[in-house]
file work-v6.csv (CSV, C-alpha atoms)
chain,number,residue,atom,x,y,z
A,3,MET,CA,19.7,-16.8,25.4
A,4,ASN,CA,19.2,-14.2,22.7
A,5,ASP,CA,16.8,-14.6,19.9
A,6,LEU,CA,18.5,-13.7,16.7
A,7,ASN,CA,15.5,-11.6,15.6
A,8,VAL,CA,15.8,-9.5,18.7
A,9,LEU,CA,19.5,-9.1,18.3
A,10,LEU,CA,19.1,-8.0,14.7
A,11,ASP,CA,16.3,-5.6,15.6
A,12,ARG,CA,18.5,-3.9,18.1
A,13,ALA,CA,21.4,-3.8,15.6
A,14,ALA,CA,19.3,-2.3,12.9
A,15,GLY,CA,19.0,1.0,14.6
A,16,PRO,CA,16.0,3.1,15.6
A,17,ALA,CA,12.6,1.9,14.2
A,18,THR,CA,11.3,5.4,13.9
A,19,ALA,CA,13.1,8.4,12.5
A,20,PRO,CA,12.0,11.6,10.8
A,21,VAL,CA,11.8,11.2,7.0
A,22,ASP,CA,11.9,13.9,4.4
A,23,ALA,CA,11.0,12.3,1.0
A,24,ARG,CA,11.8,15.4,-1.1
A,25,ALA,CA,15.4,14.3,-1.8
A,26,ASP,CA,14.2,10.9,-2.9
A,27,LEU,CA,11.5,12.4,-5.1
A,28,ALA,CA,14.1,14.7,-6.7
A,29,ARG,CA,16.4,11.8,-7.4
A,30,GLY,CA,13.5,9.9,-8.9
A,31,HIS,CA,12.6,12.8,-11.1
A,32,ARG,CA,16.2,13.1,-12.4
A,33,ALA,CA,16.5,9.3,-13.0
A,34,LEU,CA,13.2,9.2,-14.9
A,35,SER,CA,14.3,12.1,-17.1
A,36,ARG,CA,17.6,10.4,-17.7
A,37,THR,CA,15.9,7.2,-18.6
A,38,ARG,CA,13.5,8.9,-21.1
A,39,ARG,CA,16.4,10.9,-22.6
A,40,ARG,CA,18.5,7.8,-23.0
A,41,ARG,CA,15.7,6.0,-24.7
A,42,GLY,CA,15.5,8.8,-27.3
A,43,ALA,CA,19.0,10.1,-27.4
A,44,VAL,CA,20.4,7.3,-29.4
A,45,GLY,CA,17.7,8.0,-31.9
A,46,LEU,CA,19.2,11.3,-32.8
A,47,VAL,CA,22.0,9.3,-34.5
A,48,GLY,CA,19.5,7.6,-36.7
A,49,VAL,CA,17.2,10.6,-37.3
A,50,ALA,CA,18.8,11.7,-40.5
A,51,ALA,CA,18.5,8.4,-42.2
A,52,ALA,CA,15.1,7.6,-40.7
A,53,GLY,CA,13.8,11.1,-41.4
A,54,ALA,CA,14.4,10.6,-45.1
A,55,MET,CA,12.5,7.3,-45.0
A,56,GLY,CA,9.8,9.0,-42.9
A,57,ILE,CA,9.1,11.6,-45.6
A,58,GLY,CA,8.7,8.8,-48.1
A,59,VAL,CA,6.3,7.0,-45.9
A,60,THR,CA,4.4,10.2,-45.4
A,61,ARG,CA,4.0,11.0,-49.0
A,62,ALA,CA,2.9,7.5,-49.7
A,63,LEU,CA,0.3,7.5,-47.0
A,64,GLU,CA,-1.3,10.9,-47.3
A,65,PRO,CA,-4.8,10.0,-48.4
A,66,GLY,CA,-5.1,12.9,-50.8
A,67,SER,CA,-1.7,12.5,-52.5
A,68,SER,CA,-1.4,11.3,-56.0
A,69,LEU,CA,1.1,8.7,-54.7
A,70,ALA,CA,-1.4,7.3,-52.4
A,71,ALA,CA,-4.0,7.2,-55.1
A,72,ASP,CA,-1.7,5.6,-57.6
A,73,SER,CA,-0.1,3.2,-55.2
A,74,SER,CA,-0.9,-0.5,-55.6
A,75,PRO,CA,-1.0,-1.4,-52.0
A,76,THR,CA,-4.5,-1.7,-50.6
A,77,LEU,CA,-5.8,0.7,-48.1
A,78,GLN,CA,-7.2,-1.0,-45.1
A,79,LYS,CA,-9.1,0.9,-42.4
A,80,VAL,CA,-9.7,-0.3,-38.9
A,81,THR,CA,-11.5,2.0,-36.5
A,82,GLY,CA,-9.9,5.4,-36.6
A,83,ILE,CA,-6.6,4.5,-38.2
A,84,SER,CA,-6.1,3.5,-41.8
A,85,PHE,CA,-3.2,1.2,-42.8
A,86,LEU,CA,-1.6,0.9,-46.1
A,87,ALA,CA,-0.3,-2.6,-46.8
A,88,GLN,CA,3.2,-1.2,-47.6
A,89,PRO,CA,6.1,-2.5,-45.6
A,90,PHE,CA,8.8,-0.1,-44.4
A,91,GLU,CA,12.0,-0.2,-42.4
A,92,ALA,CA,13.1,2.0,-39.5
A,93,GLY,CA,16.5,1.1,-38.1
A,94,PRO,CA,16.6,-2.6,-37.3
A,95,TYR,CA,12.7,-2.8,-37.2
A,96,THR,CA,10.5,-3.7,-40.2
A,97,PHE,CA,6.8,-2.9,-40.3
A,98,ASP,CA,4.4,-4.9,-42.5
A,99,GLN,CA,2.0,-2.0,-42.9
A,100,THR,CA,2.1,1.8,-42.3
A,101,PRO,CA,-0.5,3.9,-40.6
A,102,VAL,CA,-1.8,6.6,-42.9
A,103,GLY,CA,-0.9,10.1,-41.8
A,104,TRP,CA,1.9,9.1,-39.5
A,105,GLU,CA,5.6,9.4,-40.0
A,106,VAL,CA,8.8,8.1,-38.5
A,107,GLN,CA,10.6,10.7,-36.4
A,108,GLY,CA,13.4,8.6,-35.0
A,109,ALA,CA,14.8,5.1,-35.5
A,110,TYR,CA,17.5,3.6,-33.4
A,111,PRO,CA,18.6,0.2,-32.2
A,112,GLN,CA,16.4,0.5,-29.1
A,113,GLY,CA,13.3,1.5,-30.9
A,114,VAL,CA,11.3,3.8,-33.3
A,115,THR,CA,9.3,7.0,-32.7
A,116,ILE,CA,6.4,7.5,-35.0
A,117,ALA,CA,4.2,10.7,-34.9
A,118,PRO,CA,1.3,12.2,-36.8
A,119,VAL,CA,2.4,14.1,-39.9
A,120,GLY,CA,3.1,17.7,-39.0
A,121,PHE,CA,3.1,17.0,-35.3
A,122,PRO,CA,4.3,20.1,-33.5
A,123,ASP,CA,6.8,18.2,-31.3
A,124,GLN,CA,9.5,17.1,-33.7
A,125,GLU,CA,11.8,15.9,-31.0
A,126,PRO,CA,12.2,12.1,-31.4
A,127,ALA,CA,13.2,11.8,-27.7
A,128,SER,CA,9.8,13.2,-26.7
A,129,PHE,CA,7.1,10.6,-26.7
A,130,VAL,CA,3.9,12.4,-25.7
A,131,GLY,CA,1.2,11.9,-28.4
A,132,LYS,CA,3.4,9.5,-30.4
A,133,LEU,CA,3.9,5.8,-31.0
A,134,VAL,CA,7.1,4.5,-29.4
A,135,ILE,CA,8.1,1.0,-30.6
A,136,MET,CA,10.7,-0.6,-28.2
A,137,PHE,CA,12.6,-3.8,-27.8
A,138,ASP,CA,12.5,-4.7,-24.2
A,139,GLY,CA,13.9,-7.4,-21.8
A,140,ASN,CA,11.4,-7.0,-19.0
A,141,PRO,CA,8.7,-9.5,-18.4
A,142,PRO,CA,5.2,-8.8,-19.9
A,143,PHE,CA,2.4,-7.2,-18.0
A,144,GLY,CA,-1.2,-6.3,-18.6
A,145,GLU,CA,-4.2,-8.0,-19.9
A,146,LYS,CA,-3.4,-11.1,-21.9
A,147,ILE,CA,-4.9,-11.4,-25.4
A,148,ASP,CA,-4.5,-14.1,-28.0
A,149,HIS,CA,-4.4,-12.7,-31.5
A,150,ASP,CA,-3.4,-14.3,-34.8
A,151,GLY,CA,-1.7,-17.2,-33.1
A,152,ARG,CA,0.4,-15.0,-30.7
A,153,THR,CA,-0.1,-13.7,-27.2
A,154,PHE,CA,-0.2,-10.0,-26.5
A,155,TRP,CA,-0.4,-8.0,-23.3
A,156,VAL,CA,-2.3,-4.7,-23.2
A,157,SER,CA,-2.0,-2.2,-20.3
A,158,ASN,CA,-3.4,1.2,-19.8
A,159,GLY,CA,-0.8,3.5,-18.3
A,160,GLU,CA,-0.7,7.2,-17.3
A,161,ASP,CA,-1.5,10.3,-19.2
A,162,ASN,CA,-3.7,8.7,-21.9
A,163,VAL,CA,-1.0,6.3,-22.8
A,164,ALA,CA,-1.4,2.5,-23.2
A,165,THR,CA,1.2,-0.2,-23.9
A,166,ILE,CA,0.8,-3.3,-25.9
A,167,MET,CA,3.5,-5.9,-26.1
A,168,THR,CA,4.3,-9.4,-27.4
A,169,ARG,CA,7.2,-11.8,-27.5
A,170,THR,CA,9.5,-11.6,-30.5
A,171,ARG,CA,9.3,-14.4,-33.0
A,172,ARG,CA,11.6,-17.4,-32.9
A,173,ASP,CA,13.9,-16.1,-35.6
A,174,GLU,CA,14.2,-12.7,-33.9
A,175,PRO,CA,16.3,-11.5,-31.0
A,176,ARG,CA,14.7,-12.8,-27.8
A,177,GLY,CA,12.7,-10.4,-25.8
A,178,MET,CA,9.5,-8.3,-25.9
A,179,VAL,CA,8.6,-5.9,-28.6
A,180,LEU,CA,6.2,-3.3,-27.4
A,181,ILE,CA,4.4,-0.2,-28.5
A,182,GLN,CA,3.5,2.7,-26.2
A,183,TYR,CA,0.7,4.6,-27.8
A,184,PRO,CA,-1.7,7.5,-27.1
A,185,THR,CA,-5.2,6.5,-26.5
A,186,ASP,CA,-6.6,9.8,-27.7
A,187,ALA,CA,-5.3,9.8,-31.2
A,188,GLY,CA,-7.5,7.3,-32.9
A,189,TRP,CA,-5.6,4.2,-31.9
A,190,THR,CA,-7.6,1.4,-30.4
A,191,ARG,CA,-6.7,-2.0,-29.1
A,192,GLU,CA,-7.7,-3.6,-32.4
A,193,THR,CA,-5.6,-1.2,-34.5
A,194,MET,CA,-2.7,-1.7,-32.2
A,195,LEU,CA,-3.0,-5.5,-32.3
A,196,GLN,CA,-3.0,-5.3,-36.1
A,197,PHE,CA,0.0,-2.9,-36.2
A,198,LEU,CA,2.2,-4.7,-33.7
A,199,SER,CA,1.5,-8.0,-35.3
A,200,GLY,CA,3.4,-6.7,-38.3
A,201,VAL,CA,6.4,-5.4,-36.4
A,202,HIS,CA,9.6,-7.5,-37.0
A,203,VAL,CA,12.7,-7.1,-34.8
A,204,GLY,CA,16.0,-7.3,-36.7
A,205,PRO,CA,19.3,-8.7,-35.4
A,206,ASP,CA,20.7,-5.2,-34.7
A,207,ALA,CA,18.0,-4.3,-32.3
A,208,GLU,CA,19.1,-3.6,-28.7
A,209,LYS,CA,17.0,-3.9,-25.6
A,210,GLY,CA,16.2,-0.6,-24.0
A,211,ILE,CA,16.7,0.3,-20.3
A,212,GLY,CA,13.8,0.7,-17.9
B,20,MET,CA,3.1,21.7,-15.5
B,21,PRO,CA,2.9,18.2,-14.1
B,22,SER,CA,-0.1,16.1,-15.2
B,23,ASN,CA,-2.6,14.7,-12.8
B,24,ARG,CA,-1.0,11.3,-13.3
B,25,SER,CA,2.4,12.6,-12.6
B,26,SER,CA,1.2,14.3,-9.4
B,27,GLU,CA,-0.5,11.0,-8.4
B,28,ARG,CA,2.7,9.1,-9.0
B,29,ASP,CA,4.6,11.7,-6.9
B,30,ALA,CA,2.0,11.6,-4.1
B,31,GLU,CA,2.0,7.8,-3.9
B,32,PHE,CA,5.8,7.7,-4.0
B,33,VAL,CA,6.1,10.3,-1.2
B,34,ASP,CA,3.6,8.4,0.9
B,35,PHE,CA,5.6,5.2,0.4
B,36,VAL,CA,8.9,6.8,1.2
B,37,THR,CA,7.5,8.4,4.3
B,38,ALA,CA,6.1,5.1,5.5
B,39,GLN,CA,8.9,2.7,4.5
B,40,ARG,CA,12.2,4.6,4.3
B,41,THR,CA,13.2,3.9,7.9
B,42,ALA,CA,12.4,0.2,7.6
B,43,LEU,CA,14.4,-0.1,4.4
B,44,LEU,CA,17.3,1.8,6.0
B,45,ARG,CA,17.3,-0.6,8.9
B,46,MET,CA,17.3,-3.6,6.5
B,47,ALA,CA,20.2,-2.0,4.6
B,48,ARG,CA,22.1,-1.3,7.8
B,49,LEU,CA,22.1,-5.0,8.6
B,50,LEU,CA,22.9,-6.0,5.0
B,51,THR,CA,25.9,-3.7,5.1
B,52,ALA,CA,26.8,-4.8,8.6
B,53,GLY,CA,26.5,-1.3,10.0
B,54,ASP,CA,28.1,0.7,7.1
B,55,ASP,CA,25.7,3.6,7.3
B,56,ALA,CA,27.0,5.3,4.2
B,57,SER,CA,26.6,2.2,2.1
B,58,ALA,CA,23.2,1.5,3.6
B,59,GLU,CA,22.1,5.0,2.7
B,60,ASP,CA,23.4,4.5,-0.9
B,61,LEU,CA,21.5,1.3,-1.2
B,62,VAL,CA,18.3,2.8,0.0
B,63,GLN,CA,18.7,5.8,-2.4
B,64,THR,CA,19.4,3.4,-5.3
B,65,THR,CA,16.4,1.3,-4.4
B,66,LEU,CA,14.0,4.2,-4.0
B,67,THR,CA,15.2,5.8,-7.3
B,68,ARG,CA,14.5,2.6,-9.1
B,69,LEU,CA,11.2,2.3,-7.5
B,70,TYR,CA,10.2,5.8,-8.7
B,71,VAL,CA,11.3,5.1,-12.2
B,72,HIS,CA,9.3,1.9,-12.3
B,73,TRP,CA,6.4,3.2,-10.2
B,74,PRO,CA,3.6,2.3,-12.6
B,75,ARG,CA,4.9,-1.3,-12.7
B,76,VAL,CA,5.3,-1.3,-8.9
B,77,ARG,CA,1.8,-0.1,-8.5
B,78,ARG,CA,0.4,-2.8,-10.8
B,79,ALA,CA,2.3,-5.5,-8.9
B,80,GLY,CA,0.4,-4.4,-5.8
B,81,ASN,CA,3.2,-5.0,-3.3
B,82,PRO,CA,5.6,-2.0,-3.2
B,83,VAL,CA,7.2,-3.1,0.0
B,84,GLY,CA,8.1,-6.5,-1.4
B,85,TYR,CA,9.3,-4.9,-4.6
B,86,ALA,CA,11.5,-2.5,-2.6
B,87,ARG,CA,12.9,-5.3,-0.4
B,88,THR,CA,13.7,-7.4,-3.5
B,89,SER,CA,15.3,-4.4,-5.2
B,90,LEU,CA,17.3,-3.5,-2.2
B,91,THR,CA,18.5,-7.1,-1.7
B,92,HIS,CA,19.6,-7.3,-5.4
B,93,ALA,CA,21.4,-4.0,-5.2
B,94,PHE,CA,23.2,-5.2,-2.1
B,95,VAL,CA,24.2,-8.6,-3.6
B,96,ASP,CA,25.3,-7.0,-6.9
B,97,GLU,CA,27.4,-4.4,-5.1
B,98,GLN,CA,28.9,-6.9,-2.6
B,99,ARG,CA,29.8,-9.4,-5.3
B,100,ARG,CA,32.1,-6.8,-6.9
B,101,ALA,CA,33.6,-5.7,-3.6
B,102,TYR,CA,33.7,-8.8,-1.5
B,103,SER,CA,36.8,-10.4,-3.0
B,104,ARG,CA,38.8,-7.3,-2.1
B,105,ARG,CA,37.7,-7.1,1.5
B,106,GLU,CA,39.3,-8.7,4.5
B,107,THR,CA,36.9,-9.9,7.2
B,108,PRO,CA,37.9,-10.7,10.8
B,109,THR,CA,36.6,-14.3,10.8
B,110,GLU,CA,38.5,-15.2,13.9
B,111,GLN,CA,37.2,-12.3,16.0
B,112,VAL,CA,35.7,-13.4,19.3
B,113,PHE,CA,33.8,-11.1,21.6
B,114,ASP,CA,34.1,-10.9,25.4
B,115,SER,CA,30.9,-10.6,27.3
B,116,ALA,CA,32.7,-8.4,29.9
B,117,THR,CA,33.2,-5.7,27.2
B,118,LEU,CA,29.5,-5.5,26.2
B,119,ASP,CA,27.8,-2.5,27.7
B,120,GLY,CA,24.2,-1.9,26.8
B,121,ASP,CA,22.3,-1.8,23.6
B,122,HIS,CA,25.0,0.3,21.7
B,123,ASP,CA,27.7,-2.3,22.3
B,124,LEU,CA,25.3,-5.1,21.6
B,125,ALA,CA,24.4,-3.6,18.3
B,126,HIS,CA,28.0,-3.0,17.4
B,127,THR,CA,28.9,-6.5,18.3
B,128,VAL,CA,26.1,-8.0,16.2
B,129,LEU,CA,26.9,-5.8,13.2
B,130,ALA,CA,30.6,-6.8,13.5
B,131,ALA,CA,29.6,-10.5,13.6
B,132,LEU,CA,27.4,-9.9,10.5
B,133,ALA,CA,30.4,-8.5,8.8
B,134,THR,CA,32.2,-11.8,9.0
B,135,LEU,CA,29.6,-13.5,6.9
B,136,ALA,CA,29.7,-13.7,3.1
B,137,PRO,CA,27.2,-11.3,1.5
B,138,ARG,CA,24.7,-14.0,0.5
B,139,GLN,CA,24.8,-15.6,3.9
B,140,ARG,CA,24.2,-12.1,5.5
B,141,ALA,CA,21.3,-11.6,3.1
B,142,VAL,CA,19.8,-14.9,4.1
B,143,VAL,CA,20.1,-14.0,7.8
B,144,VAL,CA,18.5,-10.6,7.3
B,145,LEU,CA,15.6,-12.0,5.2
B,146,ARG,CA,15.0,-15.0,7.3
B,147,HIS,CA,15.6,-13.8,10.8
B,148,PHE,CA,15.0,-10.0,10.6
B,149,LEU,CA,12.2,-9.8,8.1
B,150,ASP,CA,11.0,-13.2,9.2
B,151,LEU,CA,10.4,-14.4,5.6
B,152,ASP,CA,10.0,-18.1,5.0
B,153,VAL,CA,12.5,-20.2,3.0
B,154,ALA,CA,10.5,-20.1,-0.2
B,155,GLU,CA,10.2,-16.3,-0.2
B,156,THR,CA,13.8,-15.9,0.7
B,157,ALA,CA,14.8,-18.1,-2.2
B,158,ARG,CA,12.6,-16.1,-4.5
B,159,MET,CA,14.1,-12.8,-3.5
B,160,LEU,CA,17.6,-14.1,-3.8
B,161,GLY,CA,16.9,-16.0,-7.0
B,162,CYS,CA,18.2,-19.3,-5.7
B,163,THR,CA,16.8,-22.7,-4.6
B,164,THR,CA,15.2,-23.3,-1.2
B,165,GLY,CA,18.0,-25.8,-0.6
B,166,THR,CA,20.6,-23.1,-1.1
B,167,VAL,CA,18.8,-20.9,1.4
B,168,LYS,CA,18.7,-23.6,4.0
B,169,SER,CA,22.4,-24.5,3.6
B,170,GLN,CA,23.5,-20.8,3.6
B,171,ASN,CA,21.3,-20.2,6.6
B,172,ALA,CA,22.9,-23.1,8.5
B,173,LYS,CA,26.4,-21.9,7.7
B,174,ALA,CA,25.6,-18.4,8.6
B,175,LEU,CA,24.1,-19.4,12.0
B,176,ALA,CA,27.1,-21.6,12.7
B,177,ASN,CA,29.5,-18.7,11.8
B,178,LEU,CA,27.5,-16.2,14.0
B,179,ARG,CA,27.6,-18.6,16.9
B,180,ALA,CA,31.3,-19.2,16.5
B,181,VAL,CA,32.0,-15.5,16.6
B,182,LEU,CA,29.5,-14.4,19.2
B,183,GLU,CA,29.4,-17.2,21.7
B,184,PRO,CA,30.0,-17.5,24.6
B,185,ALA,CA,29.4,-13.7,25.0
B,186,ILE,CA,26.1,-13.9,23.3
B,187,THR,CA,24.1,-17.1,22.9
B,188,VAL,CA,22.2,-17.1,19.7
B,189,THR,CA,18.9,-18.9,19.1
B,190,ALA,CA,16.8,-18.8,15.9
B,191,SER,CA,13.1,-19.1,16.2
B,192,ASN,CA,11.9,-19.2,12.6
B,193,ARG,CA,8.6,-20.8,11.6
B,194,GLU,CA,10.5,-23.4,9.6
B,195,PRO,CA,13.7,-25.4,10.3
B,196,ALA,CA,16.9,-23.9,8.9
call {"tool": "encode", "arguments": {"input": "work-v6.csv", "output": "structure tokens"}}
result
Amino acid sequence: MNDLNVLLDRAAGPATAPVDARADLARGHRALSRTRRRRGAVGLVGVAAAGAMGIGVTRALEPGSSLAADSSPTLQKVTGISFLAQPFEAGPYTFDQTPVGWEVQGAYPQGVTIAPVGFPDQEPASFVGKLVIMFDGNPPFGEKIDHDGRTFWVSNGEDNVATIMTRTRRDEPRGMVLIQYPTDAGWTRETMLQFLSGVHVGPDAEKGIG
Amino acid sequence: MPSNRSSERDAEFVDFVTAQRTALLRMARLLTAGDDASAEDLVQTTLTRLYVHWPRVRRAGNPVGYARTSLTHAFVDEQRRAYSRRETPTEQVFDSATLDGDHDLAHTVLAALATLAPRQRAVVVLRHFLDLDVAETARMLGCTTGTVKSQNAKALANLRAVLEPAITVTASNREPA
């Protein structure tokens, strides 16, 4: 009589073997780079249109500019980041308010890249130090927070980066809308909750990969 | 220059690969019924996905479970595409006189596994090689526990039909099939 577990154990091959993880690590590095490029690459198509909008937003939001002083929208400040109650669009995404001193670098179906005005890295596919708004199909993760009648999940990640996410509204494409943001650029959990609460996902949004 | 976080991610991943790659390759070898090239492909695919999602894997706190699930899904997805084109020797019967040592035994068992449909093979590997219970097997395969039980029963019947009388198969799981 042969126990199936024993038969399978023999058929599976040796239980010990030398392992060199370098090739797997190299494949992982390449795949991660591809994933990050893919998330941003589509944005290059929309950069021209979004860039023009970004300039407008920047001018409107620079605190010292005459446009900001003359603008009717009220300036609202929450720790570290000020918001102007002026909606703007970036690709299929609409934002109820705009952060002062930040501008859109790239807008595409999978998401939006927003960076501080004059940020040295102008590459929309590069996300370090920037806000990355994404539409995502993965399940939520992180600390659960109820805010303004909706549920959010906040998670601290790597390299001074955090992620906040919430489910899309009933009239929006089904999925998660999330923002990856730097934790060392003035953004707090409260400002992010406020900002993400005002993000709307349009029908042309596409879920990203990863 | 890689950041400390990236270095930490790499170090954790390398530790995981060093500790678990052989076990994953053994699991893949059974899933692919001894097709070593396909098994290696599955493991590479699984580990690459694992690295890309490492922060999530770390948060989940069960990298082995994550890897096994990912490997199973990669196998089922791949086999679903290929299975309809493949001919399997369902009537093959083995002669005990031809079995000579562990090598032949392994070859015979792998050949018997090859006669199973991919999902049946996955159930056998999860239930009888990894010794997972019905509920965990169902969770990994994304099906009901009833489906696992029926697939397991069919798979065992098929294996016995192919292997016996050369090899008598018994299953000693914690739960009934």
call {"tool": "closest_residue", "arguments": {"input": "work-v6.csv", "among": "B:Gln39, B:Arg45, B:Thr134, B:Glu31", "to": "B:Leu182", "atoms": "all atoms listed in the file"}}
result
B:Thr134
call {"tool": "closest_residue", "arguments": {"input": "work-v6.csv", "among": "B:Thr163, B:Thr51, B:Thr156, B:Gln170", "to": "chain A", "atoms": "all atoms listed in the file"}}
result
B:Thr51
call {"tool": "interface_residues", "arguments": {"input": "work-v6.csv", "of": "chain A", "to": "chain B", "cutoff": "12 Å", "atoms": "only C-alpha atoms", "output": "JSON, numbers by chain"}}
result
{"A": [3, 4, 5, 6, 7, 8, 9, 10, 11, 12, 13, 14, 15, 16, 17, 18, 19, 20, 21, 22, 23, 24, 25, 26, 27, 28, 29, 30, 31, 32, 33, 34, 35, 36, 37, 38, 130, 140, 141, 142, 143, 144, 145, 157, 158, 159, 160, 161, 162, 163, 164, 165, 211, 212]}
call {"tool": "atom_distance", "arguments": {"input": "work-v6.csv", "atom1": "atom CA of B:Ala131", "atom2": "atom CA of B:Arg158"}}
result
25.5 Å
call {"tool": "atom_distance", "arguments": {"input": "work-v6.csv", "atom1": "atom CA of A:Gln88", "atom2": "atom CA of A:Ile116"}}
result
15.6 Å
call {"tool": "atom_distance", "arguments": {"input": "work-v6.csv", "atom1": "atom CA of B:Val167", "atom2": "atom CA of B:Ala154"}}
result
8.5 Å
call {"tool": "residues_around", "arguments": {"input": "work-v6.csv", "residues": "A:Arg172", "least_positions_apart": "4", "cutoff": "12 Å", "atoms": "all atoms listed in the file", "output": "PyMOL selection string"}}
result
chain A and resi 152+176-178+202-205
